[in-house]
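Below is one structure, written out as C-alpha cells; comments come after it.
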Amino acid sequence: MTGRDIRVLDEQIANKIAAGEVIERPASVVKELVENALDAGATRIEIEIREGGKEYIRVTDDGAGIPADQVPLAFARHATSKIRSADDLFSVHTLGFRGEALPSIASVAQVEMRTRTAGAAGGVRYTVEAGRPGSREPAGTPPGTTVVVRRLFFNTPARYKFLRSEAAERRRVAEVAARIALAWPAVAFRFLADGRQVFATPGDGDLAGAVLAIYGQAAGPGLVPVDYELDGLRVHGFVGRPDAVHGNRDRMSVFLNGRWIHSAALLRAIEQGYETLLPPRRYPLAVLHLTVDPAAVDVNVHPAKAEVRFKDERAVFRTVLRAVRHGLLGAGLVGAASLGRPVEGRAAPAPATRGGQSGLYPGFERPEPPSGPASGEARRPAGDHAEEPVYAPGGSRESAGTWRGSSGGAARERLHRDAYPELGTGAAAGGPARDARTLLREMNVLGQLHRTFILGETPQGLWIIDQHVAHERVLYERFLRRAARGGGSVQHLLAPVAVTFSPERSGLAEQYQEELARLGFVLEPFGGASYLVRGVPVELGPGADAARLTGVLEEVLDACDGEGGFSAHEAAASLACRAAVKAGQVLDMSRVKKLLAPVAQAGKPFACPPGRPLLIELGPTDFERRFCRR
C-alpha cells in the first residue's frame with residue numbers, strides 16, 4: 001500500500017461491487033423484481049425467462065406503477081419509497097427497503113422498464129445499460145410495470161463464467177418463483193420458461209390452491225391443515241401426511257410475514273413435530289406461514305433478506321414444532337399419548353436419535369417406542385441404509401468395521417474396493433471371491449427369517465442374507481449397464497399415468513429425458529411441470545400409481561443432478577433401491593432361489609451400492625462360543 005493514494009471509487013465500479021451482494025444469478029434478479037412488484041400492490045405477476053435467465057428475464061405486474069418523472073430515480077442507489085428513517089428498519093412491512101435492487105441489476109445487464117400509473121394518460125419507457133442511463137420516451141403500456149433484463153453479467157465476464165448450465169439456472173429461477181407464489185396465494189402468478197408455462201396459480205387467496213398449482217393435484221389428498229397461535233406468533237398452512245414423503249427437503253418452505261426465509265432450525269422443528277412418524281431420511285411436504293409483529297424480527301441481516309433473526313429463537317422453534325404436532329393430532333395421525341407429559345422444573349432430555357431423525361420435543365417427555373423387530377420394521381422403509389457393521393464373508397465380529405453410505409459415486413465404489421479387496425471388479429476375480437460365489441451358488445437354502453432375511457447353510461457355517469440388499473445389488477448392476485447403453489425391457493402401461501414434479505424438477509425431467517429413456521422410463525410432456533408416464537422399467541411392474549411413480553422419478557432425478565451432470569451410478573443405485581424386493585415381503589422357495597441365482601454372477605456380490613452388507617456369516621466357532629463349547 002506504500003505510495004498509493006486513497007481514492008473514492010468510481011460510481012460504476014462501486015455499483016458492480018455492490019451488485020455482487022444482491023445479484024448472484026438470474027434467480028436473484030427474479031426475486032428482486034417480483035418483490036418490487038408485490039410491494040407495488042400487484043395482484044397479477046407474470047415471470048418469463050429464456051436460456052435459464054442468462055439472456056432474457058421479464059417480470060410484468062399490474063401494480064401501482066412509477067410516475068414518469070421518478071423512473072430515473074428508481075435506478076439510483078439507495079433510492080426507495082419504503083422507509084423514511086432508521087427507526088423504520090425495526091418495523092419493516094415491505095419485502096424490499098434497501099433501494100439496491102434496480103441499480104444493482106442495471107449495473108451488470110441491459111435493462112428496459114415500461115411503467116404507467118393508473119391515473120396517467122400514457123406510460124414511459126426507460127433503458128439503462130451497464131449502469132449508464134439510456135433513453136426515456138413515452139410508451140403505450142397498461143397500468144403497472146414491466147422490467148426486461150437482457151444479457152446478465154455481459155460486462156463482468158468473470159461473474160458470467162461462474163453461472164451454471166441453462167437447465168440448472170432455470171431450476172433455480174423456478175424454485176424462487178414457486179416459493180414466492182406460495183408466499184402470496186392472493187396474487188396470481190404465471191411462470192414461463194423458454195415459451196413453456198411451468199405453473200400458474202389462481203391468486204384467489206386459497207393457499208391449498210397455490211400448493212396444488214405448484215406441486216400438482218396429487219398432493220391434495222395428503223395435505224394436513226395447520227393453524228396454531230401462541231404468544232403473538234401464528235403458524236398456519238399445510239403439512240403433508242407421513243405416508244407422502246420425499247427424498248429431500250425441497251418441498252419444505254417456511255414464510256415469515258410473506259417472505260420466504262432460510263432457517264435450518266425451523267425445518268428441524270417441522271421434522272421433529274412428526275417425531276417417529278417419518279421414516280429415516282424422508283421429509284414431508286410443508287408450506288407454513290409465520291405471522292409475527294415485524295418489531296419482533298430483524299430482516300436486515302443480509303442483503304438477500306433470506307436470513308432473519310428472531311428476538312426469541314427458542315420460542316419460535318417451540319411454537320412451530322407444536323403447531324405441526326397440533327395439526328397432525330387434529331387429523332388423527334398421531335395419538336394424544338405421544339405428546340407425553342409436561343416436565344416441571346427441568347428440560348426434557350433429548351431421546352436418542354433413530355435413523356437420523358431426532359425424537360426431541362422441547363418441554364415434554366416422550367414414551368419410548370415399542371421395541372422388537374415388528375415395530376422397528378414398520379417404521380423402516382425399504383432400502384434404508386442406516387449405519388451398521390459390515391461383516392465380510394468369513395470375517396469375525398472383532399475385525400468388522402462400521403460403514404456409512406456416501407453421497408458420491410466414486411466414494412461408494414472406493415468403499416466396496418476397500419471393504420472387499422478380494423472381490424475384484426467382476427465374476428472373473430480369483431481366489432476367495434470365486435470360492436464365495438461357489439458357496440453362494442451351492443448354498444442349501446433353509447428358509448426365510450422375519451420375512452426379511454434368507455437363511456442358508458454352507459460348509460463354512462450359516463449365511464444370513466438380506467433379501468432387499470441381494471436383489472438391490474443385482475438390479476443396480478443391471479440398471480448401470482442399461483444407463484450406459486440402453487436397450488432394457490420396458491413395461492408399457494395400458495393407461496398412462498400423469499405425474500407432476502416440483503417446478504425445479506420439471507427442468508431436470510426435460511434435461512435428462514434421454515437418460516431416463518435408457519433406464520426404461522417413457523415420459524411425454526403434459527403441460528407445465530406435468531408428464532405422462534407411458535412406460536417404466538419392467539422391474540417396477542405395471543401396478544405403480546402416480547404417487548409411487550412420482551417418488552421414484554423424483555429420487556432418480558435427484559440422483560441424476562450431480563455436480564458433474566448425469567451420474568449413472570447415482571441413478572442406478574436409486575432406482576435399484578426402489579425396485580428391489582422389500583423387507584417384510586414373503587418369498588417362497590422358488591422365488592428365493594430365483595433371486596439368489598444372479599447374485600453369484602454380480603460384479604460385487606456382497607454389498608449394496610451404498611456399502612451395506614449383503615450377508616453375514618456365523619461359523620462353527622461362533623456357535624461353539626455361544627454354547628460354551630470352547
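Following the order of the C-alpha cells, chains are lettered A, B, ..., residues in each are numbered from 1, and ligands are numbered from 1.
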
Exercise for review: Write out as a ChimeraX atom specification each polymer residue whose atoms come within 8 Å of Arg441 in chain A, counting only C-alpha atoms; drop sequence neighbours fewer than 5 positions from it.
Suggested key: /A:596-597,600

Export of prior selection with C-alpha atoms as a PDB file, in the first residue's frame:
```pdb
ATOM      1  CA  LEU A 596     -30.078 -65.627  -5.389  1.00  0.00           C
ATOM      2  CA  ALA A 597     -29.049 -67.176  -8.717  1.00  0.00           C
ATOM      3  CA  ALA A 600     -23.329 -65.036  -7.558  1.00  0.00           C
TER       4      ALA A 600
END
```

Practice item. Give me the residues within 12 Å of Arg518 in chain A as a PyMOL selection string, counting only C-alpha atoms and dropping any in the same chain fewer than 6 places off. Key: chain A and resi 478-490+512+535-537+568+571-572

**Study point:** Residues within 9 Å of Val187 in chain A, only C-alpha atoms, excluding chain neighbours under 5 positions, as a list in words
**Key:**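 Here the answer would be Leu38, Ala42, Thr43, Arg44, Ile45, Ala181, Thr201, Pro202, Gly203, Asp204 and Gly205 of chain A.
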
Exercise for review: Return the single residue from A:Glu524, A:Glu55, A:Asp61, A:Glu442 that is closest to Arg170 in chain A, with distances computed using only C-alpha atoms.
Suggested key: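 Nearest to Arg170 in chain A: A:Glu55.
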
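Closest approach to Ser28 in chain A among A:Gly53, A:Pro142, A:Gly122, A:Pro610: A:Gly53, based on only C-alpha atoms.
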
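Residues surrounding Pro26 in chain A within 8 Å are A:Ile23, A:Glu24, A:Ser28, A:Val29, A:Val30, A:Gly52, A:Gly53, A:Lys54, A:Ile57, A:Leu152, A:Glu169, A:Val173 [only C-alpha atoms; sequence separation below 2 positions excluded].
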